[in-house]
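Participant: Next comes entry31.cif, mmCIF, C-alpha atoms:
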data_data
loop_
_atom_site.label_atom_id
_atom_site.label_comp_id
_atom_site.auth_asym_id
_atom_site.auth_seq_id
_atom_site.Cartn_x
_atom_site.Cartn_y
_atom_site.Cartn_z
CA MET A 1 104.30 132.60 81.64
CA LYS A 2 101.08 131.96 79.72
CA PRO A 3 98.86 129.55 81.69
CA LEU A 4 97.77 126.28 80.19
CA LYS A 5 94.19 125.95 78.99
CA PRO A 6 93.33 122.28 79.55
CA SER A 7 90.26 120.92 77.77
CA ILE A 8 88.15 117.78 77.68
CA ALA A 9 86.66 116.58 74.39
CA PRO A 10 82.86 116.18 74.23
CA GLN A 11 83.25 112.45 73.44
CA ILE A 12 84.56 111.93 76.98
CA ALA A 13 81.09 112.71 78.37
CA LEU A 14 79.69 109.80 76.36
CA LEU A 15 82.41 107.49 77.59
CA ALA A 16 82.19 108.59 81.24
CA PRO A 17 78.95 110.43 82.08
CA GLY A 18 79.41 112.74 85.03
CA PHE A 19 83.19 112.96 84.68
CA ARG A 20 84.72 116.11 86.11
CA ALA A 21 88.28 117.21 86.76
CA ILE A 22 90.10 119.75 88.89
CA SER A 23 93.06 121.51 87.31
CA ILE A 24 95.73 123.12 89.50
CA GLN A 25 98.49 125.23 87.96
CA VAL A 26 101.52 126.20 90.01
CA ILE A 27 104.42 128.60 89.62
CA ALA A 28 106.91 127.05 91.99
CA ALA A 29 108.84 128.72 94.80
CA PRO A 30 112.03 127.54 96.50
CA LEU A 31 111.62 124.23 98.31
CA ALA A 32 111.41 125.00 102.05
CA ASP A 33 110.18 121.66 103.42
CA SER A 34 111.51 118.74 101.42
CA ASP A 35 110.01 116.26 103.88
CA ALA A 36 106.37 117.37 103.49
CA GLY A 37 105.67 114.94 100.66
CA ARG A 38 107.07 111.95 102.50
CA ARG A 39 105.01 112.76 105.60
CA ALA A 40 101.86 113.04 103.50
CA LEU A 41 102.62 109.76 101.76
CA GLU A 42 103.08 107.89 105.04
CA ALA A 43 99.82 109.35 106.41
CA ALA A 44 97.91 108.38 103.25
CA CYS A 45 99.14 104.79 103.46
CA ARG A 46 97.98 104.61 107.07
CA HIS A 47 94.61 106.08 106.11
CA VAL A 48 93.72 103.45 103.52
CA GLN A 49 94.67 100.66 105.92
CA THR A 50 92.71 101.96 108.92
CA ALA A 51 89.97 104.45 107.98
CA ASP A 52 89.17 104.42 104.28
CA PHE A 53 86.35 106.49 102.77
CA PRO A 54 83.10 104.52 102.31
CA TRP A 55 82.80 105.55 98.66
CA ALA A 56 86.45 104.81 97.71
CA GLN A 57 85.98 101.29 96.36
CA ALA A 58 82.94 102.34 94.31
CA HIS A 59 85.02 105.12 92.75
CA LEU A 60 87.76 102.70 91.73
CA GLU A 61 85.18 100.25 90.35
CA ALA A 62 83.70 103.08 88.28
CA TRP A 63 87.14 103.69 86.79
CA ASP A 64 87.40 99.98 85.97
CA SER A 65 84.13 100.26 84.04
CA VAL A 66 85.29 103.31 82.12
CA PHE A 67 88.56 101.62 81.19
CA GLN A 68 86.63 98.61 79.92
CA ALA A 69 84.40 100.92 77.89
CA PHE A 70 87.33 102.10 75.75
CA GLY A 71 88.89 98.66 75.45
CA ALA A 72 91.44 98.65 78.27
CA LYS A 73 91.79 95.75 80.69
CA PRO A 74 91.75 97.29 84.18
CA LYS A 75 93.23 94.23 85.89
CA ARG A 76 96.30 94.53 83.67
CA THR A 77 96.34 98.32 83.20
CA PRO A 78 94.40 99.86 86.10
CA CYS A 79 93.79 103.55 86.67
CA SER A 80 96.65 105.26 88.48
CA ALA A 81 94.89 105.44 91.86
CA GLN A 82 94.06 101.74 91.75
CA ALA A 83 97.66 100.87 90.89
CA LEU A 84 99.02 102.91 93.81
CA ARG A 85 96.54 101.44 96.28
CA LYS A 86 97.36 97.90 95.17
CA ARG A 87 101.01 98.56 95.96
CA VAL A 88 100.10 99.89 99.40
CA ALA A 89 97.89 96.85 100.06
CA ARG A 90 100.75 94.55 99.05
CA ASP A 91 103.69 96.34 100.69
CA GLY A 92 102.09 98.43 103.44
CA ASN A 93 103.66 101.63 102.13
CA LEU A 94 105.11 103.34 99.09
CA PRO A 95 108.77 104.37 98.83
CA SER A 96 109.58 108.06 98.64
CA ILE A 97 110.46 109.25 95.12
CA ASP A 98 110.51 113.06 95.14
CA PRO A 99 108.81 115.62 97.43
CA VAL A 100 106.24 116.76 94.86
CA VAL A 101 105.63 113.28 93.44
CA ASP A 102 105.20 111.92 96.98
CA LEU A 103 102.64 114.62 97.72
CA TYR A 104 100.39 114.07 94.73
CA ASN A 105 100.69 110.30 95.12
CA ALA A 106 99.58 110.75 98.74
CA VAL A 107 96.44 112.61 97.67
CA SER A 108 95.72 109.95 95.05
CA ILE A 109 96.10 107.11 97.55
CA LYS A 110 94.11 108.73 100.34
CA TYR A 111 91.18 109.86 98.18
CA ALA A 112 91.16 106.98 95.66
CA VAL A 113 91.37 109.55 92.86
CA PRO A 114 93.71 109.59 89.85
CA VAL A 115 96.07 112.57 90.18
CA GLY A 116 98.45 113.57 87.42
CA GLY A 117 101.48 115.80 87.93
CA GLU A 118 103.13 117.37 84.90
CA ASN A 119 106.06 119.66 84.10
CA ARG A 120 104.38 122.71 82.56
CA ASP A 121 107.54 123.80 80.72
CA ALA A 122 107.67 120.52 78.79
CA TYR A 123 104.29 121.11 77.16
CA GLN A 124 103.87 122.09 73.54
CA GLY A 125 100.45 123.68 73.36
CA ASP A 126 97.64 122.97 75.76
CA PRO A 127 96.75 119.61 77.36
CA ARG A 128 93.55 117.98 76.19
CA LEU A 129 91.75 114.77 77.01
CA VAL A 130 90.67 113.17 73.75
CA ILE A 131 89.94 109.89 72.02
CA ALA A 132 93.07 108.73 70.18
CA ASP A 133 93.07 107.70 66.53
CA GLY A 134 96.23 105.59 66.98
CA SER A 135 98.58 107.80 65.00
CA GLU A 136 99.83 109.79 67.99
CA ASP A 137 103.34 109.43 69.41
CA PHE A 138 103.87 108.38 73.01
CA ASP A 139 107.36 108.46 74.49
CA THR A 140 108.07 105.88 77.16
CA LEU A 141 110.75 103.44 78.31
CA LYS A 142 110.96 99.69 77.80
CA GLU A 143 113.79 97.81 79.49
CA GLY A 144 115.38 101.19 80.17
CA GLN A 145 115.41 102.26 76.52
CA PRO A 146 113.32 105.07 74.99
CA VAL A 147 110.60 103.84 72.65
CA ASN A 148 107.50 105.15 70.92
CA ASP A 149 104.40 103.25 72.06
CA PRO A 150 101.37 104.77 70.28
CA PRO A 151 97.88 104.42 71.79
CA GLU A 152 95.23 102.12 70.41
CA PRO A 153 92.53 103.74 68.26
CA GLY A 154 89.61 104.65 70.51
CA GLU A 155 91.76 104.94 73.61
CA ALA A 156 91.20 107.89 75.96
CA VAL A 157 94.46 109.85 76.28
CA TRP A 158 95.84 113.13 77.47
CA ARG A 159 97.92 114.85 74.81
CA ASP A 160 99.43 118.14 73.65
CA ASP A 161 100.60 119.32 70.22
CA ALA A 162 103.64 117.01 70.30
CA GLY A 163 101.87 113.78 71.20
CA VAL A 164 100.34 111.76 74.00
CA THR A 165 101.39 112.71 77.53
CA CYS A 166 99.43 109.99 79.35
CA ARG A 167 98.08 106.74 77.91
CA ARG A 168 94.84 104.97 78.81
CA TRP A 169 93.48 108.14 80.38
CA ASN A 170 95.64 108.11 83.52
CA TRP A 171 97.42 104.77 83.41
CA ARG A 172 100.94 105.64 82.24
CA GLN A 173 102.63 109.02 81.99
CA GLY A 174 105.08 109.78 79.21
CA VAL A 175 108.71 110.63 79.87
CA ARG A 176 108.73 114.10 78.28
CA THR A 177 106.37 115.80 80.75
CA ARG A 178 107.33 113.99 83.95
CA LEU A 179 107.36 116.17 87.02
CA ASP A 180 109.73 116.51 89.95
CA SER A 181 110.39 119.16 92.58
CA HIS A 182 112.95 120.94 90.38
CA ALA A 183 110.28 122.07 87.92
CA GLN A 184 109.59 125.80 87.82
CA ALA A 185 106.00 125.43 86.62
CA MET A 186 103.68 122.53 87.44
CA TRP A 187 100.27 121.29 86.39
CA PHE A 188 98.14 118.85 88.36
CA ILE A 189 94.89 117.20 87.32
CA LEU A 190 92.52 115.35 89.66
CA GLU A 191 90.00 113.15 87.82
CA CYS A 192 86.65 112.28 89.37
CA LEU A 193 83.68 110.06 88.49
CA PRO A 194 80.21 110.29 90.08
CA PRO A 195 80.81 107.90 93.04
CA MET A 196 83.32 110.42 94.45
CA PRO A 197 81.34 113.11 96.32
CA GLN A 198 81.97 116.70 95.24
CA GLU A 199 83.04 117.66 98.74
CA ALA A 200 85.63 114.87 98.71
CA ALA A 201 87.00 116.07 95.36
CA SER A 202 87.27 119.60 96.74
CA ALA A 203 88.98 118.31 99.88
CA ALA A 204 91.50 116.34 97.82
CA ALA A 205 92.36 119.39 95.72
CA GLN A 206 92.70 121.55 98.83
CA GLU A 207 94.96 118.99 100.48
CA LEU A 208 97.24 119.08 97.45
CA ILE A 209 97.28 122.90 97.49
CA ASP A 210 97.94 123.00 101.24
CA GLY A 211 100.78 120.52 100.87
CA LEU A 212 102.37 122.52 98.08
CA THR A 213 102.06 125.70 100.15
CA ILE A 214 103.84 124.06 103.09
CA MET A 215 106.49 122.61 100.79
CA MET A 216 107.19 125.80 98.85
CA PRO A 217 105.79 128.92 100.56
CA GLY A 218 105.18 131.69 98.05
CA ALA A 219 104.16 129.37 95.21
CA GLN A 220 101.49 130.86 92.96
CA ILE A 221 98.57 128.44 92.68
CA VAL A 222 95.43 128.65 90.52
CA MET A 223 92.64 126.06 90.59
CA GLU A 224 89.74 125.52 88.19
CA THR A 225 87.12 122.84 87.52
CA LEU A 226 86.93 121.22 84.07
CA GLN A 227 84.08 119.41 82.36
CA PRO A 228 83.73 117.91 78.87
CA GLY A 229 82.68 120.20 76.06
#
Show me this structure written as structure tokens.

Facilitator:
Amino acid sequence: MKPLKPSIAPQIALLAPGFRAISIQVIAAPLADSDAGRRALEAACRHVQTADFPWAQAHLEAWDSVFQAFGAKPKRTPCSAQALRKRVARDGNLPSIDPVVDLYNAVSIKYAVPVGGENRDAYQGDPRLVIADGSEDFDTLKEGQPVNDPPEPGEAVWRDDAGVTCRRWNWRQGVRTRLDSHAQAMWFILECLPPMPQEAASAAAQELIDGLTIMMPGAQIVMETLQPG
């Protein structure tokens, strides 16, 4: 299978100076430990309640500022890591959804970093982080029914040739590319702003890779760092 070639538009550097991302592509193997994701999720919820990283809140506040810069309202539509952590603060935990989803949510919660998980086979062309013009399609659900909810002009979005795959940078994933543990090819993206130390970003990526390796021994995993341009 031809690997994806994710890219980040130069305009993103103006919107979020110092932004960097870690891309992880996976060819899946049979699921050997279906409980690994749930264990990681429970450990991550305990971590944020007892021994959080000193830079974590600053990282989330930096995402709030970036969202405001492209016209989003972070209190209403926060970055994905902020949304997950708010649920943990409210409920004390997060319910298990799927082994792979649980795992990347665990990394996001623990490291206060937005983590996207995508079904590689659902992509049409390569993923790219761009500024939307408002004409793009975005498939989502409202009241259980499929609808098209295009982005606002000027909004930061991930997209492929068919349309937007994630609105407001990392706020809401589309239906078409959603990931679960049945996918044969997976793509993960960890998104970091300057308050997150480089060593913490590397540790988060490695924790995701280690978890996937435990979950599906024999998976083929390739990691690369992305920057705008």

Participant: Find the distance between atom CA of Gln220 of chain A and atom CA of Ala162 of chain A and write it in Å to one decimal.

Facilitator: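 Straight-line distance from atom CA of Gln220 of chain A to atom CA of Ala162 of chain A works out to 26.6 Å.
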
Participant: Show me, as number ranges by chain, the residues that have an atom within 9 Å of segment 64-81 of chain A when counting only C-alpha atoms, minus same-chain residues fewer than 3 positions from it.

Facilitator: A: 15-16, 59-61, 84-86, 105, 108-109, 111-116, 152, 154-156, 168-172

Participant: Go ahead and write the residues just picked, C-alpha atoms, as a short mmCIF file (atom, residue, chain, number, x, y, z; two decimals), in the frame of the given file.

Facilitator:
data_model
loop_
_atom_site.label_atom_id
_atom_site.label_comp_id
_atom_site.auth_asym_id
_atom_site.auth_seq_id
_atom_site.Cartn_x
_atom_site.Cartn_y
_atom_site.Cartn_z
CA LEU A 15 82.41 107.49 77.59
CA ALA A 16 82.19 108.59 81.24
CA HIS A 59 85.02 105.12 92.75
CA LEU A 60 87.76 102.70 91.73
CA GLU A 61 85.18 100.25 90.35
CA LEU A 84 99.02 102.91 93.81
CA ARG A 85 96.54 101.44 96.28
CA LYS A 86 97.36 97.90 95.17
CA ASN A 105 100.69 110.30 95.12
CA SER A 108 95.72 109.95 95.05
CA ILE A 109 96.10 107.11 97.55
CA TYR A 111 91.18 109.86 98.18
CA ALA A 112 91.16 106.98 95.66
CA VAL A 113 91.37 109.55 92.86
CA PRO A 114 93.71 109.59 89.85
CA VAL A 115 96.07 112.57 90.18
CA GLY A 116 98.45 113.57 87.42
CA GLU A 152 95.23 102.12 70.41
CA GLY A 154 89.61 104.65 70.51
CA GLU A 155 91.76 104.94 73.61
CA ALA A 156 91.20 107.89 75.96
CA ARG A 168 94.84 104.97 78.81
CA TRP A 169 93.48 108.14 80.38
CA ASN A 170 95.64 108.11 83.52
CA TRP A 171 97.42 104.77 83.41
CA ARG A 172 100.94 105.64 82.24
#

Participant: Applied to the shown file, which residues does the PyMOL selection byres ((chain A and resi 118) around 7) return, written as a list in words?

Facilitator: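 Taken on the displayed file, the PyMOL selection byres ((chain A and resi 118) around 7) yields the residues Gly116, Gly117, Asn119, Arg120, Thr177, Arg178, Leu179, Met186, Trp187 and Phe188 of chain A.
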
Participant: Kindly indicate which residue among A:Met216, A:Ala28, A:Cys192, A:Ala122 lies nearest to Gly163 of chain A, using all atoms listed in the file for the distances.

Facilitator: A:Ala122

Participant: Give me the box for segment 17-21 of chain A as JSON, namely the centre and edge lengths in Å to one decimal of a box along x, y and z that holds every listed atom plus 3 Å on each side.

Facilitator:
{"center_x": 83.6, "center_y": 113.8, "center_z": 84.4, "size_x": 15.3, "size_y": 12.8, "size_z": 10.7}

Participant: Kindly give the distance, in Å, that separates atom CA of Glu224 of chain A and atom CA of Val130 of chain A, rounded to a single decimal.

Facilitator: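 Atom-to-atom, atom CA of Glu224 of chain A and atom CA of Val130 of chain A are spaced 19.0 Å apart.
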
Participant: Set the distance at 6 Å and use only C-alpha atoms: which residues neighbour Gly174 of chain A once local chain neighbours fewer than 2 positions away are removed? I'd like the list as a tab-separated table (two decimals) with C-alpha atoms, keeping the file's coordinate frame.

Facilitator:
chain	number	residue	atom	x	y	z
A	139	ASP	CA	107.36	108.46	74.49
A	140	THR	CA	108.07	105.88	77.16
A	165	THR	CA	101.39	112.71	77.53
A	166	CYS	CA	99.43	109.99	79.35
A	176	ARG	CA	108.73	114.10	78.28

Participant: Could you write out as an MDAnalysis selection string the residues that the PyMOL selection byres ((chain A and resi 193) around 8) matches in the shown file?

Facilitator: chainID A and resid 16:20 59 62:63 191:192 194:196

Participant: To one decimal in Å, tell me the separation between atom CA of Asp121 of chain A and atom CA of Arg167 of chain A.

Facilitator: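 Value for the atom CA of Asp121 of chain A-atom CA of Arg167 of chain A distance: 19.7 Å.
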
Participant: So that I can see what lies close to Asp149 of chain A, please list as JSON, numbers by chain the residues with an atom at most 9 Å from it, counting only C-alpha atoms and leaving out residues fewer than 2 positions away in the same chain.

Facilitator: {"A": [136, 137, 138, 139, 140, 141, 147, 151]}

Participant: Which residue out of A:Gln11, A:Ser135, A:Gln49, A:Gln227 has the minimum interatomic distance to Lys110 of chain A when only C-alpha atoms are used?

Facilitator: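 Among the listed residues, A:Gln49 lies closest to Lys110 of chain A.
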
Participant: Expand the PyMOL selection byres ((chain A and resi 97) around 12) into the explicit residue set it covers here, and present it as number ranges by chain.

Facilitator: A: 34-35, 37-38, 41, 94-96, 98-106, 179-181

Participant: From (81.3, 117.4, 74.0), in the file's coordinates, out to 7 Å: which residues are reached, counting all atoms listed in the file? Answer as a VMD selection string.

Facilitator: chain A and resid 9 to 11 13 228 to 229

Participant: Let's have the selection written as an mmCIF file, keeping the file's coordinate frame, with C-alpha atoms.

Facilitator:
data_model
loop_
_atom_site.group_PDB
_atom_site.id
_atom_site.type_symbol
_atom_site.label_atom_id
_atom_site.label_comp_id
_atom_site.auth_asym_id
_atom_site.auth_seq_id
_atom_site.Cartn_x
_atom_site.Cartn_y
_atom_site.Cartn_z
ATOM 1 C CA ALA A 9 86.660 116.580 74.390
ATOM 2 C CA PRO A 10 82.860 116.180 74.230
ATOM 3 C CA GLN A 11 83.250 112.450 73.440
ATOM 4 C CA ALA A 13 81.090 112.710 78.370
ATOM 5 C CA PRO A 228 83.730 117.910 78.870
ATOM 6 C CA GLY A 229 82.680 120.200 76.060
#

Participant: Rank A:Gly92, A:Thr225, A:Ala219, A:Pro197 by their smallest atom-to-atom distance to Thr50 of chain A, using all atoms listed in the file, and report the top residue only.

Facilitator: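 Residue with the minimum atom-to-atom distance to Thr50 of chain A: A:Gly92.
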